[in-house]
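Shown here: work-v8.tsv, TSV, C-alpha atoms and all ligand atoms.
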```tsv
chain	number	residue	atom	x	y	z
A	1	MET	CA	5.82	-39.13	15.12
A	2	ALA	CA	7.61	-36.64	17.37
A	3	GLU	CA	5.50	-33.71	18.49
A	4	SER	CA	6.53	-30.41	16.90
A	5	PRO	CA	7.10	-27.45	19.21
A	6	PRO	CA	4.52	-24.67	18.82
A	7	LEU	CA	5.41	-21.83	16.50
A	8	VAL	CA	5.56	-18.58	18.45
A	9	PRO	CA	7.01	-15.21	17.46
A	10	VAL	CA	10.43	-14.20	18.83
A	11	PRO	CA	10.48	-10.51	19.85
A	12	ASP	CA	13.53	-8.46	18.88
A	13	GLY	CA	14.66	-4.83	19.16
A	14	LEU	CA	12.17	-3.70	16.52
A	15	THR	CA	9.14	-5.72	17.60
A	16	GLY	CA	9.56	-5.91	21.38
A	17	PHE	CA	7.14	-3.00	22.05
A	18	PHE	CA	4.43	-4.75	20.00
A	19	TRP	CA	4.65	-7.97	22.03
A	20	GLU	CA	4.97	-6.13	25.36
A	21	ALA	CA	1.78	-4.18	24.56
A	22	ALA	CA	-0.03	-7.36	23.50
A	23	GLY	CA	0.95	-8.90	26.82
A	24	ARG	CA	-0.97	-6.02	28.48
A	25	GLN	CA	-3.90	-6.67	26.08
A	26	GLU	CA	-3.15	-3.50	24.14
A	27	LEU	CA	-2.56	-3.11	20.42
A	28	ALA	CA	0.42	-0.89	19.60
A	29	VAL	CA	2.04	-0.15	16.27
A	30	GLN	CA	5.13	1.81	15.32
A	31	ARG	CA	4.71	5.59	15.13
A	32	CYS	CA	7.16	8.16	13.85
A	33	SER	CA	8.03	10.79	16.45
A	34	ALA	CA	8.97	13.29	13.73
A	35	CYS	CA	5.85	13.21	11.52
A	36	GLY	CA	3.32	11.17	13.51
A	37	THR	CA	2.78	8.53	10.83
A	38	PHE	CA	1.88	5.01	11.97
A	39	GLN	CA	3.46	2.09	10.15
A	40	HIS	CA	3.32	-1.66	10.44
A	41	PRO	CA	5.19	-3.97	10.48
A	42	PRO	CA	7.96	-2.16	12.41
A	43	GLU	CA	10.98	-1.05	10.40
A	44	PRO	CA	14.12	0.98	11.22
A	45	VAL	CA	13.06	4.04	9.19
A	46	CYS	CA	9.83	5.99	8.69
A	47	HIS	CA	8.33	5.36	5.24
A	48	SER	CA	6.85	8.86	5.21
A	49	CYS	CA	9.74	11.17	6.23
A	50	LEU	CA	12.78	8.83	6.52
A	51	SER	CA	13.26	9.63	10.23
A	52	PHE	CA	14.88	6.99	12.43
A	53	ASP	CA	13.01	8.37	15.48
A	54	LEU	CA	10.29	5.72	15.81
A	55	GLY	CA	8.54	4.16	18.77
A	56	GLY	CA	5.49	2.17	19.73
A	57	ALA	CA	2.12	3.85	20.18
A	58	ALA	CA	-1.25	2.49	21.22
A	59	VAL	CA	-3.98	2.39	18.58
A	60	SER	CA	-7.72	1.95	18.86
A	61	GLY	CA	-7.85	-1.77	18.06
A	62	ARG	CA	-10.71	-1.13	15.63
A	63	GLY	CA	-10.61	-1.64	11.89
A	64	THR	CA	-12.19	-3.31	8.87
A	65	VAL	CA	-11.48	-6.51	6.99
A	66	TYR	CA	-9.34	-5.61	3.96
A	67	SER	CA	-8.80	-9.18	2.75
A	68	TYR	CA	-9.01	-12.71	4.13
A	69	GLU	CA	-8.47	-16.38	3.40
A	70	MET	CA	-9.92	-19.43	5.14
A	71	ALA	CA	-7.15	-21.99	5.72
A	72	THR	CA	-8.56	-25.49	6.09
A	73	GLN	CA	-5.32	-27.50	6.27
A	74	ALA	CA	-2.73	-26.91	8.99
A	75	PHE	CA	0.62	-25.85	7.53
A	76	HIS	CA	2.29	-26.83	10.82
A	77	PRO	CA	1.13	-29.41	13.39
A	78	SER	CA	0.77	-26.73	16.09
A	79	PHE	CA	-2.05	-25.16	14.03
A	80	ALA	CA	-4.06	-28.39	13.71
A	81	ASP	CA	-6.47	-27.51	16.53
A	82	ARG	CA	-7.15	-24.04	15.06
A	83	MET	CA	-8.55	-25.18	11.71
A	84	PRO	CA	-10.33	-23.69	9.89
A	85	LEU	CA	-8.24	-20.57	10.47
A	86	CYS	CA	-9.22	-17.18	9.08
A	87	ILE	CA	-6.02	-15.41	7.97
A	88	ALA	CA	-6.81	-11.77	7.33
A	89	VAL	CA	-5.46	-8.34	6.54
A	90	VAL	CA	-7.18	-5.75	8.73
A	91	GLU	CA	-7.00	-2.05	7.92
A	92	LEU	CA	-6.91	-0.15	11.21
A	93	ASP	CA	-9.22	2.85	11.72
A	94	ASP	CA	-6.32	4.94	13.05
A	95	GLN	CA	-4.84	5.80	9.64
A	96	PRO	CA	-5.83	5.02	6.02
A	97	GLY	CA	-3.67	2.21	4.63
A	98	LEU	CA	-2.41	1.05	8.05
A	99	LYS	CA	-2.76	-2.73	7.74
A	100	LEU	CA	-2.03	-5.69	9.98
A	101	LEU	CA	-1.76	-9.37	9.01
A	102	THR	CA	-3.71	-11.27	11.64
A	103	ASN	CA	-6.37	-13.88	12.33
A	104	ILE	CA	-10.08	-13.35	12.75
A	105	VAL	CA	-11.45	-15.57	15.51
A	106	ASP	CA	-14.89	-16.46	16.88
A	107	LEU	CA	-16.37	-16.21	13.39
A	108	PRO	CA	-20.12	-15.64	13.19
A	109	ALA	CA	-22.20	-18.41	11.58
A	110	ASP	CA	-22.44	-16.47	8.32
A	111	GLY	CA	-18.65	-15.97	8.22
A	112	VAL	CA	-16.81	-12.77	7.51
A	113	ALA	CA	-16.72	-10.39	4.54
A	114	VAL	CA	-14.39	-7.72	3.22
A	115	GLY	CA	-15.42	-4.43	4.83
A	116	ASP	CA	-16.77	-5.97	8.03
A	117	PRO	CA	-15.90	-3.95	11.14
A	118	VAL	CA	-13.57	-5.80	13.52
A	119	GLU	CA	-12.06	-5.22	16.94
A	120	VAL	CA	-8.89	-6.55	18.52
A	121	CYS	CA	-8.88	-9.33	21.08
A	122	PHE	CA	-6.00	-11.41	22.38
A	123	ARG	CA	-4.91	-15.05	22.41
A	124	ARG	CA	-2.17	-16.21	24.78
A	125	LEU	CA	0.24	-18.48	22.90
A	126	SER	CA	2.82	-19.02	25.65
A	127	ASP	CA	3.94	-17.51	28.95
A	128	GLU	CA	5.80	-14.82	26.98
A	129	ILE	CA	3.70	-14.28	23.88
A	130	THR	CA	0.14	-12.99	23.52
A	131	LEU	CA	-1.12	-12.64	19.96
A	132	PRO	CA	-3.39	-9.77	18.89
A	133	VAL	CA	-6.21	-11.18	16.76
A	134	PHE	CA	-9.57	-9.73	15.71
A	135	ARG	CA	-13.25	-10.61	15.89
A	136	VAL	CA	-16.21	-9.16	14.04
A	137	ALA	CA	-17.42	-6.10	15.95
A	138	ARG	CA	-20.96	-6.26	17.21
A	139	ALA	CA	-23.27	-3.51	16.01
B	201	ZN	ZN	8.04	10.12	9.80
```
For this file, write the structure as structure tokens.
Ligand SMILES: [Zn+2]
Amino acid sequence: MAESPPLVPVPDGLTGFFWEAAGRQELAVQRCSACGTFQHPPEPVCHSCLSFDLGGAAVSGRGTVYSYEMATQAFHPSFADRMPLCIAVVELDDQPGLKLLTNIVDLPADGVAVGDPVEVCFRRLSDEITLPVFRVARA
């Protein structure tokens, strides 16, 4: 069977800042210059005030587990060596309701639970792409 190429994100005009920040090991999300609201994923217009004046802004990288799922079967061959994979929604501490779809890595032996505090860390996927992921924050 032919080997499948790895699945990696392709930055574009809306998401480029996010991937550039991740490459510097920083977590950035879109922030409205008019009203200061963070939003994610990036979109052309602010959901709060309808401004088009949006840019990337660094956030704390801390949050809590809002929801998660343990995937045990790879849905693409390039994920086979990452199973089981914790796919999670993390709510960032920077603004209520600001959520990020991500992975939780380096799981503790007793797993993860909704409400657990997490912190960002980074996984290099290719020369161009570094992926922000999260791990359970130590007390
Ligand atoms: Zn706004």
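The residue set within 12 Å of Arg62 in chain A, counting all atoms listed in the file and dropping same-chain residues fewer than 3 places from it, reads A:Glu26, A:Leu27, A:Ala28, A:Ala58, A:Val59, A:Val65, A:Val90, A:Glu91, A:Leu92, A:Asp93, A:Asp94, A:Gln95, A:Leu98, A:Lys99, A:Leu100, A:Asp116, A:Pro117, A:Val118, A:Glu119, A:Val120, A:Cys121, A:Pro132, A:Val133, A:Phe134, A:Arg135, A:Val136, A:Ala137, A:Arg138.
The space between CA of Pro84 in chain A and CA of Arg124 in chain A spans 18.6 Å.
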Report task. Pick out the residues no farther than 6 Å from ligand ZN 201 (chain B), counting all atoms listed in the file, and list them as a ChimeraX atom specification. Result -> /A:32,34-35,37,46,48-51
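Nearest residue to Phe18 in chain A among A:Gly97, A:Gly56, A:Pro5, A:Val45 is A:Gly56, counting only C-alpha atoms.
Across the model, the gap from CA of Ala80 in chain A to CA of Thr130 in chain A is 18.7 Å.
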Query raised in the report: Do you know which residues are at most 9 Å from Pro41 in chain A counting all atoms listed in the file, after dropping those on the same chain fewer than 2 positions away, and could you put them as an NGL selection string?
Result: :A and (15 or 29-30 or 39 or 43 or 99-101)
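CA of Asp110 in chain A is found 13.3 Å from CA of Cys86 in chain A.
Among A:Phe79, A:Phe52, A:Phe38, A:Tyr68, the residue with the shortest atom-to-atom distance to Thr102 in chain A, counting all atoms listed in the file, is A:Tyr68.
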Query raised in the report: Any idea what's packed within 7 Å of Ser33 in chain A, counting only C-alpha atoms, ignoring anything in its chain fewer than 2 positions away? Could you give it as a list in words?
Result: Arg31, Cys35, Gly36, Asp53 and Leu54 of chain A
Generate the output file for the selected residues, C-alpha atoms, as a PDB file, in the frame of the given file.
```
ATOM      1  CA  ARG A  31       4.710   5.590  15.130  1.00  0.00           C
ATOM      2  CA  CYS A  35       5.850  13.210  11.520  1.00  0.00           C
ATOM      3  CA  GLY A  36       3.320  11.170  13.510  1.00  0.00           C
ATOM      4  CA  ASP A  53      13.010   8.370  15.480  1.00  0.00           C
ATOM      5  CA  LEU A  54      10.290   5.720  15.810  1.00  0.00           C
TER       6      LEU A  54
END
```
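The nearest approach to Ala71 in chain A among the residues A:Leu14, A:Val8, A:Leu131, A:Met83, with all atoms listed in the file taken into account, belongs to A:Met83.
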Excluding Leu85 in chain A and its own-chain neighbours fewer than 4 positions away, which residues fall within 9 Å of it when counting only C-alpha atoms? Please give them as a CSV table (one decimal) with C-alpha atoms, in the coordinates of the input.
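Result went into out.csv, see below:
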```csv
chain,number,residue,atom,x,y,z
A,69,GLU,CA,-8.5,-16.4,3.4
A,70,MET,CA,-9.9,-19.4,5.1
A,71,ALA,CA,-7.2,-22.0,5.7
A,72,THR,CA,-8.6,-25.5,6.1
A,73,GLN,CA,-5.3,-27.5,6.3
A,74,ALA,CA,-2.7,-26.9,9.0
A,79,PHE,CA,-2.0,-25.2,14.0
A,103,ASN,CA,-6.4,-13.9,12.3
A,104,ILE,CA,-10.1,-13.4,12.8
A,105,VAL,CA,-11.4,-15.6,15.5
```
